[in-house]
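Q: If you scroll down you'll find the structure; I have some questions about it.
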Amino acid sequence: MPTQNQRIYLDYNATAPVHSEVMDKMCSVLALPGNASSVHLDGRTVRSTIEDSRDSISKLVGFPSSSITFTSGGTEANATIIKGLLDRGSISKVYCSSIEHPSVYEHVPPNCRIGVDRSGVLDLEQLAKLLSEEKAPILLCLMLANNETGVIQPVREAATLVHEFGGLLLCDAVQGPGKTNFSFESLGADFYALSAHKIGGPQGVGCIVSGTNTEPEPLLLGGGQERRRRSGTENAPGIAGFGVAARSILAGDRLRDVEQNRNKLEAELLAAKPDAVIFGQETSRLVNTTNIALPGVSSEQQVIRLDLAGFSVSAGSACSSGKVSTSHVLLAMGVAPELAASAIRISIGPDTEWAELEKFVDVWATL
Ligand code: PLP
């Protein structure tokens, strides 16, 4: 069995490794004694690290720092917007794409989930039809890019449509930063959800970015932190780490390097097993993600055997129990259940070396 430092980590979409500068910053903030709500110097020192971090995220997203609300992660960010808008009465109903992350999907009844095509891209015609039949404003939840396949969604087009009908759009952008070039502002969503641990920051912290004056009802009441939008003592070390991670988002050449590795990996995987199927390959995807089915070998078997050989990858959809269920994303794309049940996700990062991927291909080809 390979030792920890012989392991090859190919599960960046689950969690990206924490940057060393993030760890340094977090340790220094953890050592501070103050509570950001206290008026004394110790409190003010913690407050200023939180506000520095808010500024870094503000620069990343191109929205004012007052539009950023820190949360415990992407799940809470999504829940706050969905439940908060319903509670406030700003919307009558919530729709989402049929490939959303469970932190959105689970809030939306099956008859309000909009289909995708075979490439995994939202059906805009179905959206337009639904909107024209609605009498009151709705919230559409549409992710920027799918966590399982990496397929990028037509957020801007959907936002334009939703706004024509007086509705709002929540874009779960958790998987976007550092994996595709985009500008938040040009997407035109009303709210964005982000999560630190997908961009080299710590687990357990994220934020909402608001691009609208509509204020959802807060999920958590109490001390009135975060402009009364999210009570609870701030996770200062986590927020500080999030800010550092936001400042080191990949762009330009480094994104292209990741993409080249991913494309070469896919070519080698298909050369080794010509009956394998890569999902979403024909459309725009995150540069780091491959979702591939190996007919006849279950996802669970592949993940376990790869794990024993020292590789960390995911089955499309793992429950918190670690048990694998067939991916609702692949099923929504019209993939046959047997094929979907043989898919795994490989997600790489800027530190993944080609030599590691070569080793991966050799082992995967023997499964
Ligand atoms: N949205 C997407 C697309 C995700 O991939 C994830 C995490 O896997 C989440 C939301 C949830 O984020 P968090 O783990 O910070 O709660």
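Residue names in the structure tokens use chain letters A, B, ... in the order shown, residue numbers from 1 in each chain, and ligand numbers from 1 in the order shown.
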Around ligand 1, which protein and nucleic acid residues have at least one atom no more than 9 Å from it, if we count only C-alpha atoms and all ligand atoms? List them as number ranges by chain.
A: A: 13-15, 71-78, 100-104, 143-148, 172-176, 193-198, 203-207
Q: So that I can check the surroundings of Gly120 (chain A), please list as a VMD selection string every protein, DNA and RNA residue that reaches within 10 Å of it, counting only C-alpha atoms and ignoring chain neighbours fewer than 3 positions away.
A: chain A and resid 97 to 99 115 to 117 123 146 149 to 153 279 to 280 283 329 to 334
Q: Could the residues in this selection be saved with N, CA, C and O atoms as a PDB file, in the first residue's frame?
A:
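Ended up saving to part.pdb:
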```
ATOM      1  N   SER A  97     -31.561  23.699 -12.290  1.00  0.00           N
ATOM      2  CA  SER A  97     -31.238  22.736 -13.343  1.00  0.00           C
ATOM      3  C   SER A  97     -31.233  21.353 -12.711  1.00  0.00           C
ATOM      4  O   SER A  97     -31.073  21.214 -11.486  1.00  0.00           O
ATOM      5  N   SER A  98     -31.372  20.330 -13.548  1.00  0.00           N
ATOM      6  CA  SER A  98     -31.445  18.966 -13.007  1.00  0.00           C
ATOM      7  C   SER A  98     -30.061  18.411 -12.669  1.00  0.00           C
ATOM      8  O   SER A  98     -29.946  17.255 -12.310  1.00  0.00           O
ATOM      9  N   ILE A  99     -29.030  19.239 -12.799  1.00  0.00           N
ATOM     10  CA  ILE A  99     -27.668  18.763 -12.504  1.00  0.00           C
ATOM     11  C   ILE A  99     -27.031  19.539 -11.361  1.00  0.00           C
ATOM     12  O   ILE A  99     -25.816  19.493 -11.180  1.00  0.00           O
ATOM     13  N   GLY A 115     -34.437  20.435 -17.387  1.00  0.00           N
ATOM     14  CA  GLY A 115     -33.565  19.448 -18.019  1.00  0.00           C
ATOM     15  C   GLY A 115     -32.301  20.035 -18.645  1.00  0.00           C
ATOM     16  O   GLY A 115     -32.153  21.253 -18.809  1.00  0.00           O
ATOM     17  N   VAL A 116     -31.395  19.117 -18.979  1.00  0.00           N
ATOM     18  CA  VAL A 116     -30.167  19.486 -19.699  1.00  0.00           C
ATOM     19  C   VAL A 116     -30.101  18.625 -20.963  1.00  0.00           C
ATOM     20  O   VAL A 116     -30.781  17.599 -21.054  1.00  0.00           O
ATOM     21  N   ASP A 117     -29.261  19.046 -21.906  1.00  0.00           N
ATOM     22  CA  ASP A 117     -29.113  18.231 -23.115  1.00  0.00           C
ATOM     23  C   ASP A 117     -28.093  17.107 -22.868  1.00  0.00           C
ATOM     24  O   ASP A 117     -27.596  16.958 -21.748  1.00  0.00           O
ATOM     25  N   ASP A 123     -31.309  23.363 -20.676  1.00  0.00           N
ATOM     26  CA  ASP A 123     -32.222  23.544 -21.794  1.00  0.00           C
ATOM     27  C   ASP A 123     -32.882  24.929 -21.655  1.00  0.00           C
ATOM     28  O   ASP A 123     -33.837  25.106 -20.882  1.00  0.00           O
ATOM     29  N   ASN A 146     -20.549  22.348 -13.563  1.00  0.00           N
ATOM     30  CA  ASN A 146     -20.935  21.172 -12.793  1.00  0.00           C
ATOM     31  C   ASN A 146     -19.727  20.521 -12.121  1.00  0.00           C
ATOM     32  O   ASN A 146     -18.689  20.325 -12.746  1.00  0.00           O
ATOM     33  N   THR A 149     -18.972  16.808 -13.927  1.00  0.00           N
ATOM     34  CA  THR A 149     -18.522  16.734 -15.325  1.00  0.00           C
ATOM     35  C   THR A 149     -17.676  17.936 -15.731  1.00  0.00           C
ATOM     36  O   THR A 149     -17.004  17.894 -16.757  1.00  0.00           O
ATOM     37  N   GLY A 150     -17.763  19.012 -14.963  1.00  0.00           N
ATOM     38  CA  GLY A 150     -17.063  20.254 -15.321  1.00  0.00           C
ATOM     39  C   GLY A 150     -17.798  21.072 -16.377  1.00  0.00           C
ATOM     40  O   GLY A 150     -17.310  22.134 -16.786  1.00  0.00           O
ATOM     41  N   VAL A 151     -18.964  20.609 -16.827  1.00  0.00           N
ATOM     42  CA  VAL A 151     -19.658  21.301 -17.928  1.00  0.00           C
ATOM     43  C   VAL A 151     -20.147  22.688 -17.480  1.00  0.00           C
ATOM     44  O   VAL A 151     -20.781  22.843 -16.440  1.00  0.00           O
ATOM     45  N   ILE A 152     -19.792  23.685 -18.307  1.00  0.00           N
ATOM     46  CA  ILE A 152     -20.103  25.085 -17.994  1.00  0.00           C
ATOM     47  C   ILE A 152     -21.515  25.424 -18.482  1.00  0.00           C
ATOM     48  O   ILE A 152     -21.907  25.022 -19.586  1.00  0.00           O
ATOM     49  N   GLN A 153     -22.238  26.151 -17.658  1.00  0.00           N
ATOM     50  CA  GLN A 153     -23.647  26.427 -17.931  1.00  0.00           C
ATOM     51  C   GLN A 153     -23.853  27.824 -18.524  1.00  0.00           C
ATOM     52  O   GLN A 153     -23.071  28.737 -18.254  1.00  0.00           O
ATOM     53  N   PHE A 279     -17.679  12.121 -20.548  1.00  0.00           N
ATOM     54  CA  PHE A 279     -18.915  12.905 -20.599  1.00  0.00           C
ATOM     55  C   PHE A 279     -18.626  14.399 -20.679  1.00  0.00           C
ATOM     56  O   PHE A 279     -17.753  14.904 -19.976  1.00  0.00           O
ATOM     57  N   GLY A 280     -19.367  15.061 -21.562  1.00  0.00           N
ATOM     58  CA  GLY A 280     -19.269  16.518 -21.677  1.00  0.00           C
ATOM     59  C   GLY A 280     -18.075  16.995 -22.484  1.00  0.00           C
ATOM     60  O   GLY A 280     -17.829  18.195 -22.588  1.00  0.00           O
ATOM     61  N   THR A 283     -18.366  19.846 -25.185  1.00  0.00           N
ATOM     62  CA  THR A 283     -18.816  21.213 -24.870  1.00  0.00           C
ATOM     63  C   THR A 283     -17.801  21.908 -23.959  1.00  0.00           C
ATOM     64  O   THR A 283     -16.768  21.333 -23.631  1.00  0.00           O
ATOM     65  N   VAL A 329     -26.542  13.529 -12.101  1.00  0.00           N
ATOM     66  CA  VAL A 329     -26.087  14.411 -13.179  1.00  0.00           C
ATOM     67  C   VAL A 329     -26.016  13.626 -14.495  1.00  0.00           C
ATOM     68  O   VAL A 329     -26.546  14.056 -15.528  1.00  0.00           O
ATOM     69  N   LEU A 330     -25.366  12.468 -14.448  1.00  0.00           N
ATOM     70  CA  LEU A 330     -25.243  11.672 -15.675  1.00  0.00           C
ATOM     71  C   LEU A 330     -26.610  11.165 -16.123  1.00  0.00           C
ATOM     72  O   LEU A 330     -26.916  11.150 -17.321  1.00  0.00           O
ATOM     73  N   LEU A 331     -27.446  10.795 -15.156  1.00  0.00           N
ATOM     74  CA  LEU A 331     -28.793  10.318 -15.534  1.00  0.00           C
ATOM     75  C   LEU A 331     -29.566  11.451 -16.205  1.00  0.00           C
ATOM     76  O   LEU A 331     -30.246  11.238 -17.217  1.00  0.00           O
ATOM     77  N   ALA A 332     -29.437  12.675 -15.682  1.00  0.00           N
ATOM     78  CA  ALA A 332     -30.138  13.824 -16.288  1.00  0.00           C
ATOM     79  C   ALA A 332     -29.642  14.088 -17.707  1.00  0.00           C
ATOM     80  O   ALA A 332     -30.369  14.634 -18.539  1.00  0.00           O
ATOM     81  N   MET A 333     -28.396  13.684 -17.995  1.00  0.00           N
ATOM     82  CA  MET A 333     -27.835  13.889 -19.340  1.00  0.00           C
ATOM     83  C   MET A 333     -28.270  12.769 -20.291  1.00  0.00           C
ATOM     84  O   MET A 333     -27.834  12.730 -21.445  1.00  0.00           O
ATOM     85  N   GLY A 334     -29.079  11.845 -19.773  1.00  0.00           N
ATOM     86  CA  GLY A 334     -29.580  10.766 -20.621  1.00  0.00           C
ATOM     87  C   GLY A 334     -28.603   9.601 -20.740  1.00  0.00           C
ATOM     88  O   GLY A 334     -28.756   8.735 -21.617  1.00  0.00           O
TER      89      GLY A 334
END
```
Q: Might you pull out every residue within 9 Å of Glu300 (chain A), with only C-alpha atoms counted and same-chain residues fewer than 4 positions away left off, and present them as a ChimeraX atom specification?
A: /A:304-305,314-315,323-325,341-344
Q: Using only C-alpha atoms, which of A:Leu142, A:Pro218, A:Ile50, A:Gly310 sits nearest Gln4 (chain A)?
A: A:Gly310
Q: Could you find all residues in region 46-82 of chain A that DSSP calls helix (DSSP H, G or I) from the backbone, and write them as a PDB file with N, CA and C atoms, in the first residue's frame?
A:
```
ATOM      1  N   VAL A  46      -8.614  41.422  14.864  1.00  0.00           N
ATOM      2  CA  VAL A  46      -9.297  40.313  14.169  1.00  0.00           C
ATOM      3  C   VAL A  46     -10.252  40.887  13.108  1.00  0.00           C
ATOM      4  N   ARG A  47     -10.970  41.934  13.486  1.00  0.00           N
ATOM      5  CA  ARG A  47     -11.894  42.568  12.521  1.00  0.00           C
ATOM      6  C   ARG A  47     -11.145  42.973  11.257  1.00  0.00           C
ATOM      7  N   SER A  48      -9.939  43.535  11.432  1.00  0.00           N
ATOM      8  CA  SER A  48      -9.259  44.017  10.222  1.00  0.00           C
ATOM      9  C   SER A  48      -8.797  42.848   9.347  1.00  0.00           C
ATOM     10  N   THR A  49      -8.463  41.683   9.940  1.00  0.00           N
ATOM     11  CA  THR A  49      -8.088  40.550   9.062  1.00  0.00           C
ATOM     12  C   THR A  49      -9.321  40.082   8.265  1.00  0.00           C
ATOM     13  N   ILE A  50     -10.480  40.128   8.926  1.00  0.00           N
ATOM     14  CA  ILE A  50     -11.714  39.722   8.218  1.00  0.00           C
ATOM     15  C   ILE A  50     -11.990  40.696   7.066  1.00  0.00           C
ATOM     16  N   GLU A  51     -11.828  41.977   7.356  1.00  0.00           N
ATOM     17  CA  GLU A  51     -12.137  42.967   6.311  1.00  0.00           C
ATOM     18  C   GLU A  51     -11.112  42.927   5.170  1.00  0.00           C
ATOM     19  N   ASP A  52      -9.836  42.592   5.509  1.00  0.00           N
ATOM     20  CA  ASP A  52      -8.829  42.431   4.435  1.00  0.00           C
ATOM     21  C   ASP A  52      -9.246  41.300   3.496  1.00  0.00           C
ATOM     22  N   SER A  53      -9.727  40.235   4.123  1.00  0.00           N
ATOM     23  CA  SER A  53     -10.129  39.078   3.340  1.00  0.00           C
ATOM     24  C   SER A  53     -11.340  39.428   2.454  1.00  0.00           C
ATOM     25  N   ARG A  54     -12.256  40.200   3.042  1.00  0.00           N
ATOM     26  CA  ARG A  54     -13.436  40.601   2.260  1.00  0.00           C
ATOM     27  C   ARG A  54     -12.973  41.422   1.037  1.00  0.00           C
ATOM     28  N   ASP A  55     -11.965  42.265   1.259  1.00  0.00           N
ATOM     29  CA  ASP A  55     -11.461  43.077   0.138  1.00  0.00           C
ATOM     30  C   ASP A  55     -10.855  42.186  -0.945  1.00  0.00           C
ATOM     31  N   SER A  56     -10.126  41.144  -0.531  1.00  0.00           N
ATOM     32  CA  SER A  56      -9.510  40.247  -1.527  1.00  0.00           C
ATOM     33  C   SER A  56     -10.591  39.552  -2.349  1.00  0.00           C
ATOM     34  N   ILE A  57     -11.648  39.129  -1.668  1.00  0.00           N
ATOM     35  CA  ILE A  57     -12.719  38.434  -2.402  1.00  0.00           C
ATOM     36  C   ILE A  57     -13.467  39.429  -3.288  1.00  0.00           C
ATOM     37  N   SER A  58     -13.603  40.639  -2.775  1.00  0.00           N
ATOM     38  CA  SER A  58     -14.251  41.683  -3.576  1.00  0.00           C
ATOM     39  C   SER A  58     -13.472  41.915  -4.879  1.00  0.00           C
ATOM     40  N   LYS A  59     -12.136  41.902  -4.776  1.00  0.00           N
ATOM     41  CA  LYS A  59     -11.326  42.095  -5.996  1.00  0.00           C
ATOM     42  C   LYS A  59     -11.490  40.906  -6.936  1.00  0.00           C
ATOM     43  N   LEU A  60     -11.557  39.716  -6.377  1.00  0.00           N
ATOM     44  CA  LEU A  60     -11.718  38.526  -7.215  1.00  0.00           C
ATOM     45  C   LEU A  60     -13.033  38.573  -7.994  1.00  0.00           C
ATOM     46  N   VAL A  61     -14.110  38.979  -7.314  1.00  0.00           N
ATOM     47  CA  VAL A  61     -15.425  38.888  -7.963  1.00  0.00           C
ATOM     48  C   VAL A  61     -15.835  40.183  -8.675  1.00  0.00           C
ATOM     49  N   SER A  65     -17.054  45.280  -1.471  1.00  0.00           N
ATOM     50  CA  SER A  65     -16.902  44.367  -0.328  1.00  0.00           C
ATOM     51  C   SER A  65     -18.193  44.281   0.497  1.00  0.00           C
ATOM     52  N   SER A  66     -19.026  45.335   0.446  1.00  0.00           N
ATOM     53  CA  SER A  66     -20.291  45.274   1.203  1.00  0.00           C
ATOM     54  C   SER A  66     -21.249  44.220   0.634  1.00  0.00           C
ATOM     55  N   SER A  67     -20.951  43.710  -0.569  1.00  0.00           N
ATOM     56  CA  SER A  67     -21.854  42.711  -1.157  1.00  0.00           C
ATOM     57  C   SER A  67     -21.486  41.286  -0.735  1.00  0.00           C
ATOM     58  N   GLY A  74     -20.254  26.681   0.811  1.00  0.00           N
ATOM     59  CA  GLY A  74     -21.165  26.800  -0.323  1.00  0.00           C
ATOM     60  C   GLY A  74     -22.568  26.320   0.028  1.00  0.00           C
ATOM     61  N   THR A  75     -22.656  25.282   0.839  1.00  0.00           N
ATOM     62  CA  THR A  75     -23.969  24.722   1.187  1.00  0.00           C
ATOM     63  C   THR A  75     -24.808  25.774   1.909  1.00  0.00           C
ATOM     64  N   GLU A  76     -24.206  26.433   2.887  1.00  0.00           N
ATOM     65  CA  GLU A  76     -24.961  27.457   3.634  1.00  0.00           C
ATOM     66  C   GLU A  76     -25.281  28.661   2.740  1.00  0.00           C
ATOM     67  N   ALA A  77     -24.357  29.004   1.866  1.00  0.00           N
ATOM     68  CA  ALA A  77     -24.613  30.145   0.971  1.00  0.00           C
ATOM     69  C   ALA A  77     -25.847  29.848   0.116  1.00  0.00           C
ATOM     70  N   ASN A  78     -25.893  28.658  -0.477  1.00  0.00           N
ATOM     71  CA  ASN A  78     -27.046  28.300  -1.316  1.00  0.00           C
ATOM     72  C   ASN A  78     -28.339  28.286  -0.499  1.00  0.00           C
ATOM     73  N   ALA A  79     -28.286  27.650   0.681  1.00  0.00           N
ATOM     74  CA  ALA A  79     -29.502  27.528   1.512  1.00  0.00           C
ATOM     75  C   ALA A  79     -29.993  28.905   1.947  1.00  0.00           C
ATOM     76  N   THR A  80     -29.064  29.803   2.272  1.00  0.00           N
ATOM     77  CA  THR A  80     -29.462  31.134   2.744  1.00  0.00           C
ATOM     78  C   THR A  80     -30.241  31.874   1.663  1.00  0.00           C
ATOM     79  N   ILE A  81     -29.746  31.777   0.437  1.00  0.00           N
ATOM     80  CA  ILE A  81     -30.440  32.506  -0.643  1.00  0.00           C
ATOM     81  C   ILE A  81     -31.806  31.872  -0.928  1.00  0.00           C
ATOM     82  N   ILE A  82     -31.810  30.557  -1.068  1.00  0.00           N
ATOM     83  CA  ILE A  82     -33.067  29.901  -1.459  1.00  0.00           C
ATOM     84  C   ILE A  82     -34.131  30.082  -0.380  1.00  0.00           C
TER      85      ILE A  82
END
```
Q: Separation of CA of Gly89 (chain A) and CA of Thr160 (chain A), in Å?
A: 21.8 Å
Q: What does the structure give for the distance between CA of Ser312 (chain A) and CA of Leu10 (chain A), in Å to one decimal?
A: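 A separation of 5.4 Å between them.
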Q: Please list as a ChimeraX atom specification every residue within 10 Å of Arg156 (chain A), counting only C-alpha atoms and excluding residues in the same chain fewer than 3 positions away.
A: /A:144,153,159-162,169,171,184-189
Q: Keeping all heavy atoms for every residue in the selection just given, could you write it to a file as a tab-separated table (two decimals), in the first residue's frame?
A:
```tsv
chain	number	residue	atom	x	y	z
A	144	LEU	N	-22.45	27.57	-12.13
A	144	LEU	CA	-21.54	28.04	-13.17
A	144	LEU	C	-20.96	26.85	-13.92
A	144	LEU	O	-20.91	26.83	-15.15
A	144	LEU	CB	-20.43	28.87	-12.52
A	144	LEU	CG	-19.31	29.33	-13.43
A	144	LEU	CD1	-19.83	30.11	-14.60
A	144	LEU	CD2	-18.34	30.19	-12.65
A	153	GLN	N	-22.24	26.15	-17.66
A	153	GLN	CA	-23.65	26.43	-17.93
A	153	GLN	C	-23.85	27.82	-18.52
A	153	GLN	O	-23.07	28.74	-18.25
A	153	GLN	CB	-24.45	26.27	-16.64
A	153	GLN	CG	-24.40	24.86	-16.07
A	153	GLN	CD	-24.91	23.83	-17.07
A	153	GLN	OE1	-25.97	24.02	-17.68
A	153	GLN	NE2	-24.17	22.74	-17.25
A	159	ALA	N	-29.73	34.24	-17.08
A	159	ALA	CA	-30.01	35.44	-16.26
A	159	ALA	C	-30.82	36.45	-17.05
A	159	ALA	O	-31.78	37.05	-16.54
A	159	ALA	CB	-28.70	36.06	-15.78
A	160	THR	N	-30.46	36.61	-18.32
A	160	THR	CA	-31.20	37.58	-19.16
A	160	THR	C	-32.68	37.17	-19.24
A	160	THR	O	-33.58	37.99	-19.05
A	160	THR	CB	-30.58	37.63	-20.58
A	160	THR	OG1	-29.20	37.90	-20.43
A	160	THR	CG2	-31.21	38.68	-21.45
A	161	LEU	N	-32.91	35.88	-19.48
A	161	LEU	CA	-34.29	35.39	-19.58
A	161	LEU	C	-35.05	35.58	-18.27
A	161	LEU	O	-36.17	36.10	-18.25
A	161	LEU	CB	-34.27	33.89	-19.89
A	161	LEU	CG	-34.31	33.44	-21.33
A	161	LEU	CD1	-34.11	31.93	-21.43
A	161	LEU	CD2	-35.67	33.83	-21.94
A	162	VAL	N	-34.41	35.16	-17.18
A	162	VAL	CA	-35.07	35.24	-15.87
A	162	VAL	C	-35.41	36.70	-15.54
A	162	VAL	O	-36.51	37.00	-15.04
A	162	VAL	CB	-34.15	34.61	-14.78
A	162	VAL	CG1	-34.64	34.94	-13.39
A	162	VAL	CG2	-34.07	33.09	-14.97
A	169	LEU	N	-31.70	35.23	-10.15
A	169	LEU	CA	-30.86	34.06	-10.44
A	169	LEU	C	-29.76	33.91	-9.40
A	169	LEU	O	-29.06	34.86	-9.08
A	169	LEU	CB	-30.23	34.18	-11.83
A	169	LEU	CG	-29.61	32.87	-12.32
A	169	LEU	CD1	-29.96	32.56	-13.75
A	169	LEU	CD2	-28.11	32.83	-12.15
A	171	CYS	N	-26.38	31.89	-8.81
A	171	CYS	CA	-25.38	31.09	-9.51
A	171	CYS	C	-24.45	30.47	-8.48
A	171	CYS	O	-23.71	31.18	-7.78
A	171	CYS	CB	-24.59	31.97	-10.47
A	171	CYS	SG	-23.24	31.08	-11.25
A	184	PHE	N	-17.28	37.49	-13.09
A	184	PHE	CA	-18.54	37.36	-12.37
A	184	PHE	C	-19.57	38.35	-12.90
A	184	PHE	O	-20.71	37.99	-13.16
A	184	PHE	CB	-18.31	37.64	-10.87
A	184	PHE	CG	-17.77	36.44	-10.13
A	184	PHE	CD1	-16.42	36.17	-10.12
A	184	PHE	CD2	-18.62	35.58	-9.46
A	184	PHE	CE1	-15.92	35.07	-9.46
A	184	PHE	CE2	-18.13	34.48	-8.80
A	184	PHE	CZ	-16.77	34.22	-8.79
A	185	GLU	N	-19.11	39.60	-13.06
A	185	GLU	CA	-20.06	40.65	-13.46
A	185	GLU	C	-20.77	40.32	-14.77
A	185	GLU	O	-21.96	40.55	-14.92
A	185	GLU	CB	-19.31	41.96	-13.60
A	185	GLU	CG	-19.83	42.98	-12.63
A	185	GLU	CD	-18.97	44.23	-12.70
A	185	GLU	OE1	-17.74	44.09	-12.90
A	185	GLU	OE2	-19.53	45.31	-12.59
A	186	SER	N	-19.98	39.74	-15.73
A	186	SER	CA	-20.59	39.50	-17.03
A	186	SER	C	-21.61	38.36	-16.98
A	186	SER	O	-22.40	38.19	-17.90
A	186	SER	CB	-19.51	39.22	-18.08
A	186	SER	OG	-18.97	37.95	-17.82
A	187	LEU	N	-21.61	37.58	-15.90
A	187	LEU	CA	-22.60	36.49	-15.80
A	187	LEU	C	-23.99	37.05	-15.51
A	187	LEU	O	-24.99	36.44	-15.87
A	187	LEU	CB	-22.21	35.51	-14.69
A	187	LEU	CG	-20.94	34.69	-14.93
A	187	LEU	CD1	-20.66	33.81	-13.72
A	187	LEU	CD2	-21.08	33.82	-16.17
A	188	GLY	N	-24.06	38.16	-14.82
A	188	GLY	CA	-25.35	38.83	-14.59
A	188	GLY	C	-26.26	38.17	-13.58
A	188	GLY	O	-27.46	38.44	-13.56
A	189	ALA	N	-25.72	37.31	-12.71
A	189	ALA	CA	-26.57	36.69	-11.68
A	189	ALA	C	-26.83	37.69	-10.57
A	189	ALA	O	-26.13	38.69	-10.42
A	189	ALA	CB	-25.89	35.45	-11.13
```
